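> There's a structure below that I have some questions on.
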Amino acid sequence: ANFTAAPVEYPELPDGRLLLQTLRSHDQYNTTIYGLNDRYRGIKGGRRIVMVNPEDAAALGLADGAYTDLVSEWKDGVERRAEGFRIVHYPTARGCAAAYYPETNVLVPLDSTADTSNTPASKSVVIRFEEPRSTSDSG
């Protein structure tokens, strides 16, 4: 086997921002969604949710069950917004949030891909929270 070592890099998070990872729910195979419940995490009745550590949520003024829009921040300066996400207080790591894909795919630029696999770089997205334009929790 050939092993390589690379320096560990950490994204810079401005105040009021979290690092978003995208993930699958229990009833999902790749991008095919079979249900609106996630028994792995105890989420029921919707997929437009964002899981936020309760301490981060308190610091940012994000009430459990409130709605928010997620806005990603990239070097290109283009605003990418995912609207109408319900906040769920969840024990994510401090400084991090989590949400399902493909609902959050809109937050990642099409040309932001891994060097070798060419897969979307959607595990480390800097986001901020803004007042919602919509409060739909369907799908």
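Note on naming: chains are A, B, ... as they come in the structure tokens, residues start from 1 per chain, ligands start from 1 in the order shown.
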List every residue of chain A that DSSP, applied to the backbone, labels as strand (DSSP E), and write the result as a ChimeraX atom specification.

/A:18-23,28-29,32-33,49-52,67-72,80-89,96-100,125-130

> What would the file look like if the residues just selected were written as a compact mmCIF listing (two decimals), in the first residue's frame with N, CA and C atoms?


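Saved as selection-v5.txt:
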```txt
# COMPACT_ATOMS: atom_id res chain seq x y z
N LEU A 18 -21.65 28.23 11.59
CA LEU A 18 -21.38 26.85 11.96
C LEU A 18 -20.90 26.10 10.72
N LEU A 19 -20.29 24.96 10.95
CA LEU A 19 -19.82 24.10 9.87
C LEU A 19 -20.86 23.00 9.67
N LEU A 20 -21.46 22.98 8.49
CA LEU A 20 -22.54 22.04 8.18
C LEU A 20 -21.99 20.78 7.53
N GLN A 21 -22.46 19.64 8.01
CA GLN A 21 -22.24 18.39 7.29
C GLN A 21 -23.59 17.92 6.77
N THR A 22 -23.58 17.32 5.60
CA THR A 22 -24.82 16.75 5.07
C THR A 22 -24.78 15.25 5.28
N LEU A 23 -25.96 14.67 5.49
CA LEU A 23 -26.03 13.24 5.80
C LEU A 23 -27.33 12.64 5.30
N GLN A 28 -33.35 6.37 3.72
CA GLN A 28 -32.78 6.94 2.52
C GLN A 28 -31.66 6.05 2.01
N TYR A 29 -31.67 5.81 0.71
CA TYR A 29 -30.58 5.10 0.06
C TYR A 29 -30.02 6.02 -1.00
N THR A 32 -32.31 8.55 -2.86
CA THR A 32 -33.70 8.09 -2.90
C THR A 32 -34.25 8.09 -1.47
N ILE A 33 -35.35 8.82 -1.27
CA ILE A 33 -35.95 8.98 0.05
C ILE A 33 -37.20 8.12 0.13
N ILE A 49 -34.82 19.89 8.17
CA ILE A 49 -34.42 20.18 9.54
C ILE A 49 -32.92 20.44 9.56
N VAL A 50 -32.48 21.19 10.55
CA VAL A 50 -31.05 21.38 10.76
C VAL A 50 -30.79 21.08 12.23
N MET A 51 -29.88 20.14 12.47
CA MET A 51 -29.52 19.73 13.83
C MET A 51 -28.40 20.63 14.32
N VAL A 52 -28.64 21.25 15.48
CA VAL A 52 -27.69 22.21 16.04
C VAL A 52 -27.47 21.87 17.51
N TYR A 67 -37.98 28.15 12.79
CA TYR A 67 -37.58 27.99 11.39
C TYR A 67 -36.53 29.01 11.02
N THR A 68 -35.65 28.60 10.10
CA THR A 68 -34.56 29.43 9.64
C THR A 68 -34.24 29.11 8.19
N ASP A 69 -33.56 30.00 7.52
CA ASP A 69 -32.96 29.71 6.22
C ASP A 69 -31.48 29.48 6.46
N LEU A 70 -30.89 28.55 5.72
CA LEU A 70 -29.46 28.28 5.77
C LEU A 70 -28.82 28.97 4.57
N VAL A 71 -27.78 29.73 4.81
CA VAL A 71 -27.07 30.41 3.73
C VAL A 71 -25.61 30.00 3.82
N SER A 72 -25.09 29.44 2.72
CA SER A 72 -23.69 29.00 2.72
C SER A 72 -22.79 30.16 2.32
N ARG A 80 -26.04 31.23 -1.66
CA ARG A 80 -26.75 29.97 -1.87
C ARG A 80 -27.60 29.75 -0.63
N ARG A 81 -28.91 29.61 -0.81
CA ARG A 81 -29.85 29.59 0.30
C ARG A 81 -30.73 28.34 0.23
N ALA A 82 -30.87 27.69 1.37
CA ALA A 82 -31.83 26.58 1.54
C ALA A 82 -32.89 27.10 2.51
N GLU A 83 -34.10 27.21 2.03
CA GLU A 83 -35.15 27.89 2.79
C GLU A 83 -35.98 26.97 3.67
N GLY A 84 -36.46 27.54 4.78
CA GLY A 84 -37.48 26.91 5.60
C GLY A 84 -37.05 25.66 6.34
N PHE A 85 -35.94 25.71 7.07
CA PHE A 85 -35.47 24.55 7.83
C PHE A 85 -35.86 24.70 9.30
N ARG A 86 -36.38 23.61 9.87
CA ARG A 86 -36.75 23.58 11.29
C ARG A 86 -35.51 23.27 12.12
N ILE A 87 -35.28 24.06 13.15
CA ILE A 87 -34.14 23.86 14.03
C ILE A 87 -34.46 22.75 15.02
N VAL A 88 -33.56 21.79 15.13
CA VAL A 88 -33.68 20.69 16.09
C VAL A 88 -32.44 20.71 16.97
N HIS A 89 -32.64 20.93 18.26
CA HIS A 89 -31.51 20.86 19.18
C HIS A 89 -31.07 19.40 19.26
N CYS A 96 -20.63 22.81 14.96
CA CYS A 96 -21.09 22.07 13.79
C CYS A 96 -22.62 21.97 13.77
N ALA A 97 -23.15 21.75 12.58
CA ALA A 97 -24.58 21.48 12.39
C ALA A 97 -24.68 20.35 11.38
N ALA A 98 -25.86 19.75 11.28
CA ALA A 98 -26.06 18.66 10.32
C ALA A 98 -27.44 18.79 9.71
N ALA A 99 -27.55 18.43 8.43
CA ALA A 99 -28.83 18.45 7.72
C ALA A 99 -28.78 17.40 6.62
N TYR A 100 -29.96 17.02 6.15
CA TYR A 100 -30.06 15.97 5.13
C TYR A 100 -29.77 16.51 3.73
N VAL A 125 -19.38 22.70 5.06
CA VAL A 125 -19.98 23.87 4.47
C VAL A 125 -20.18 24.94 5.55
N VAL A 126 -19.58 26.10 5.39
CA VAL A 126 -19.77 27.19 6.34
C VAL A 126 -21.15 27.80 6.08
N ILE A 127 -21.97 27.85 7.15
CA ILE A 127 -23.33 28.40 7.00
C ILE A 127 -23.59 29.46 8.05
N ARG A 128 -24.55 30.32 7.69
CA ARG A 128 -25.12 31.25 8.66
C ARG A 128 -26.64 31.04 8.63
N PHE A 129 -27.30 31.53 9.65
CA PHE A 129 -28.75 31.40 9.78
C PHE A 129 -29.39 32.76 9.55
N GLU A 130 -30.47 32.78 8.76
CA GLU A 130 -31.19 34.02 8.50
C GLU A 130 -32.68 33.79 8.67
```

> Quick one: DSSP alpha helix (DSSP H) residues in stretch 15-95 of chain A, as an MDAnalysis selection string?

chainID A and resid 54:60

> Just to be explicit: take each residue in the selection above, keep all heavy atoms, and write the result as an mmCIF file, in the first residue's frame.


```cif
data_model
loop_
_atom_site.group_PDB
_atom_site.id
_atom_site.type_symbol
_atom_site.label_atom_id
_atom_site.label_comp_id
_atom_site.auth_asym_id
_atom_site.auth_seq_id
_atom_site.Cartn_x
_atom_site.Cartn_y
_atom_site.Cartn_z
ATOM 1 N N PRO A 54 -27.307 22.256 21.285
ATOM 2 C CA PRO A 54 -28.088 23.190 22.111
ATOM 3 C C PRO A 54 -27.288 24.399 22.608
ATOM 4 O O PRO A 54 -27.826 25.510 22.683
ATOM 5 C CB PRO A 54 -28.569 22.333 23.279
ATOM 6 C CG PRO A 54 -28.597 20.939 22.734
ATOM 7 C CD PRO A 54 -27.443 20.871 21.763
ATOM 8 N N GLU A 55 -26.005 24.219 22.922
ATOM 9 C CA GLU A 55 -25.187 25.357 23.379
ATOM 10 C C GLU A 55 -24.942 26.350 22.246
ATOM 11 O O GLU A 55 -24.995 27.562 22.451
ATOM 12 C CB GLU A 55 -23.876 24.859 23.971
ATOM 13 C CG GLU A 55 -24.066 24.093 25.276
ATOM 14 C CD GLU A 55 -22.753 23.562 25.822
ATOM 15 O OE1 GLU A 55 -21.749 24.312 25.816
ATOM 16 O OE2 GLU A 55 -22.731 22.392 26.248
ATOM 17 N N ASP A 56 -24.666 25.834 21.044
ATOM 18 C CA ASP A 56 -24.510 26.719 19.886
ATOM 19 C C ASP A 56 -25.826 27.426 19.591
ATOM 20 O O ASP A 56 -25.847 28.624 19.298
ATOM 21 C CB ASP A 56 -24.068 25.935 18.643
ATOM 22 C CG ASP A 56 -22.627 25.487 18.698
ATOM 23 O OD1 ASP A 56 -21.807 26.178 19.324
ATOM 24 O OD2 ASP A 56 -22.319 24.440 18.095
ATOM 25 N N ALA A 57 -26.930 26.675 19.669
ATOM 26 C CA ALA A 57 -28.249 27.252 19.394
ATOM 27 C C ALA A 57 -28.539 28.394 20.364
ATOM 28 O O ALA A 57 -29.019 29.462 19.955
ATOM 29 C CB ALA A 57 -29.323 26.174 19.474
ATOM 30 N N ALA A 58 -28.246 28.189 21.647
ATOM 31 C CA ALA A 58 -28.481 29.241 22.641
ATOM 32 C C ALA A 58 -27.622 30.468 22.331
ATOM 33 O O ALA A 58 -28.116 31.606 22.387
ATOM 34 C CB ALA A 58 -28.179 28.712 24.042
ATOM 35 N N ALA A 59 -26.365 30.251 21.976
ATOM 36 C CA ALA A 59 -25.471 31.374 21.671
ATOM 37 C C ALA A 59 -25.935 32.143 20.436
ATOM 38 O O ALA A 59 -25.727 33.353 20.344
ATOM 39 C CB ALA A 59 -24.044 30.857 21.470
ATOM 40 N N LEU A 60 -26.566 31.444 19.499
ATOM 41 C CA LEU A 60 -27.023 32.080 18.258
ATOM 42 C C LEU A 60 -28.480 32.521 18.325
ATOM 43 O O LEU A 60 -29.013 33.072 17.357
ATOM 44 C CB LEU A 60 -26.831 31.112 17.083
ATOM 45 C CG LEU A 60 -25.389 30.751 16.747
ATOM 46 C CD1 LEU A 60 -25.337 29.599 15.746
ATOM 47 C CD2 LEU A 60 -24.644 31.962 16.216
#
```

> Atom CA of A:Gly42 and atom CA of A:Asp15 are how many Å apart?

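About the pair atom CA of A:Gly42 and atom CA of A:Asp15: they are 29.5 Å apart.
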
> Skip stretch 112-115 of chain A itself and residues of its chain fewer than 6 positions away, then list as a PDB file with all heavy atoms, in the first residue's frame all residues within 12 Å of it, counting only C-alpha atoms.


```pdb
ATOM      1  N   TRP A  74     -19.106  30.904   0.527  1.00  0.00           N
ATOM      2  CA  TRP A  74     -17.995  30.393  -0.277  1.00  0.00           C
ATOM      3  C   TRP A  74     -17.142  31.549  -0.745  1.00  0.00           C
ATOM      4  O   TRP A  74     -17.581  32.698  -0.762  1.00  0.00           O
ATOM      5  CB  TRP A  74     -18.525  29.613  -1.486  1.00  0.00           C
ATOM      6  CG  TRP A  74     -19.250  28.374  -1.104  1.00  0.00           C
ATOM      7  CD1 TRP A  74     -20.577  28.265  -0.839  1.00  0.00           C
ATOM      8  CD2 TRP A  74     -18.706  27.070  -0.908  1.00  0.00           C
ATOM      9  NE1 TRP A  74     -20.890  26.972  -0.499  1.00  0.00           N
ATOM     10  CE2 TRP A  74     -19.760  26.211  -0.532  1.00  0.00           C
ATOM     11  CE3 TRP A  74     -17.426  26.536  -1.017  1.00  0.00           C
ATOM     12  CZ2 TRP A  74     -19.570  24.870  -0.272  1.00  0.00           C
ATOM     13  CZ3 TRP A  74     -17.242  25.187  -0.759  1.00  0.00           C
ATOM     14  CH2 TRP A  74     -18.307  24.373  -0.391  1.00  0.00           C
ATOM     15  N   LYS A  75     -15.965  31.235  -1.179  1.00  0.00           N
ATOM     16  CA  LYS A  75     -15.021  32.258  -1.658  1.00  0.00           C
ATOM     17  C   LYS A  75     -15.546  33.017  -2.870  1.00  0.00           C
ATOM     18  O   LYS A  75     -15.144  34.142  -3.116  1.00  0.00           O
ATOM     19  CB  LYS A  75     -13.678  31.612  -2.002  1.00  0.00           C
ATOM     20  CG  LYS A  75     -12.968  31.054  -0.798  1.00  0.00           C
ATOM     21  CD  LYS A  75     -11.723  30.309  -1.188  1.00  0.00           C
ATOM     22  CE  LYS A  75     -11.150  29.603   0.022  1.00  0.00           C
ATOM     23  NZ  LYS A  75     -10.084  28.690  -0.284  1.00  0.00           N
ATOM     24  N   ASP A  76     -16.467  32.400  -3.629  1.00  0.00           N
ATOM     25  CA  ASP A  76     -16.964  33.064  -4.842  1.00  0.00           C
ATOM     26  C   ASP A  76     -17.977  34.175  -4.536  1.00  0.00           C
ATOM     27  O   ASP A  76     -18.369  34.924  -5.419  1.00  0.00           O
ATOM     28  CB  ASP A  76     -17.552  32.056  -5.824  1.00  0.00           C
ATOM     29  CG  ASP A  76     -18.774  31.320  -5.294  1.00  0.00           C
ATOM     30  OD1 ASP A  76     -19.302  31.668  -4.211  1.00  0.00           O
ATOM     31  OD2 ASP A  76     -19.215  30.365  -5.968  1.00  0.00           O
ATOM     32  N   ASN A 105     -28.276  20.284  -0.984  1.00  0.00           N
ATOM     33  CA  ASN A 105     -27.351  20.327  -2.127  1.00  0.00           C
ATOM     34  C   ASN A 105     -27.210  21.735  -2.696  1.00  0.00           C
ATOM     35  O   ASN A 105     -26.158  22.104  -3.196  1.00  0.00           O
ATOM     36  CB  ASN A 105     -27.806  19.387  -3.245  1.00  0.00           C
ATOM     37  CG  ASN A 105     -27.511  17.938  -2.938  1.00  0.00           C
ATOM     38  OD1 ASN A 105     -26.956  17.602  -1.893  1.00  0.00           O
ATOM     39  ND2 ASN A 105     -27.927  17.061  -3.832  1.00  0.00           N
ATOM     40  N   VAL A 106     -28.269  22.523  -2.606  1.00  0.00           N
ATOM     41  CA  VAL A 106     -28.259  23.880  -3.150  1.00  0.00           C
ATOM     42  C   VAL A 106     -27.189  24.753  -2.495  1.00  0.00           C
ATOM     43  O   VAL A 106     -26.775  25.762  -3.061  1.00  0.00           O
ATOM     44  CB  VAL A 106     -29.662  24.522  -3.005  1.00  0.00           C
ATOM     45  CG1 VAL A 106     -30.021  24.764  -1.541  1.00  0.00           C
ATOM     46  CG2 VAL A 106     -29.757  25.796  -3.795  1.00  0.00           C
ATOM     47  N   ALA A 121     -18.261  18.420  -2.521  1.00  0.00           N
ATOM     48  CA  ALA A 121     -17.629  18.697  -1.230  1.00  0.00           C
ATOM     49  C   ALA A 121     -18.694  19.225  -0.275  1.00  0.00           C
ATOM     50  O   ALA A 121     -18.822  20.421  -0.072  1.00  0.00           O
ATOM     51  CB  ALA A 121     -16.497  19.693  -1.405  1.00  0.00           C
ATOM     52  N   SER A 122     -19.478  18.315   0.291  1.00  0.00           N
ATOM     53  CA  SER A 122     -20.628  18.731   1.098  1.00  0.00           C
ATOM     54  C   SER A 122     -20.530  18.288   2.553  1.00  0.00           C
ATOM     55  O   SER A 122     -21.534  18.150   3.224  1.00  0.00           O
ATOM     56  CB  SER A 122     -21.916  18.198   0.478  1.00  0.00           C
ATOM     57  OG  SER A 122     -21.835  16.801   0.296  1.00  0.00           O
ATOM     58  N   LYS A 123     -19.343  18.063   3.051  1.00  0.00           N
ATOM     59  CA  LYS A 123     -19.164  17.673   4.445  1.00  0.00           C
ATOM     60  C   LYS A 123     -18.574  18.785   5.283  1.00  0.00           C
ATOM     61  O   LYS A 123     -18.343  18.622   6.463  1.00  0.00           O
ATOM     62  CB  LYS A 123     -18.257  16.434   4.550  1.00  0.00           C
ATOM     63  CG  LYS A 123     -18.839  15.207   3.899  1.00  0.00           C
ATOM     64  CD  LYS A 123     -20.103  14.775   4.606  1.00  0.00           C
ATOM     65  CE  LYS A 123     -20.701  13.549   3.946  1.00  0.00           C
ATOM     66  NZ  LYS A 123     -22.088  13.361   4.271  1.00  0.00           N
ATOM     67  N   SER A 124     -18.330  19.915   4.685  1.00  0.00           N
ATOM     68  CA  SER A 124     -17.674  21.003   5.402  1.00  0.00           C
ATOM     69  C   SER A 124     -18.118  22.337   4.807  1.00  0.00           C
ATOM     70  O   SER A 124     -17.373  23.005   4.132  1.00  0.00           O
ATOM     71  CB  SER A 124     -16.154  20.826   5.284  1.00  0.00           C
ATOM     72  OG  SER A 124     -15.490  21.761   6.069  1.00  0.00           O
ATOM     73  N   VAL A 125     -19.385  22.697   5.064  1.00  0.00           N
ATOM     74  CA  VAL A 125     -19.983  23.874   4.467  1.00  0.00           C
ATOM     75  C   VAL A 125     -20.181  24.936   5.555  1.00  0.00           C
ATOM     76  O   VAL A 125     -20.872  24.691   6.536  1.00  0.00           O
ATOM     77  CB  VAL A 125     -21.350  23.524   3.821  1.00  0.00           C
ATOM     78  CG1 VAL A 125     -21.992  24.744   3.194  1.00  0.00           C
ATOM     79  CG2 VAL A 125     -21.193  22.397   2.806  1.00  0.00           C
TER      80      VAL A 125
END
```

> Between atom CA of A:Gly16 and atom CA of A:Pro102, measure the distance and give it in Å to one decimal.

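Distance between the two atoms: 24.4 Å.
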
> Point out the residue among A:Phe3, A:Thr104, A:Gly61, A:Glu73 with the least atom-to-atom distance to A:Glu131, counting only C-alpha atoms.

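So, comparing all the options, the nearest one is A:Gly61.
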
> So the first atom is atom CA of A:Ile43 and the second is atom CA of A:Leu107; what is the distance between them in Å, to one decimal place?

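Going from atom CA of A:Ile43 over to atom CA of A:Leu107 covers 21.8 Å.
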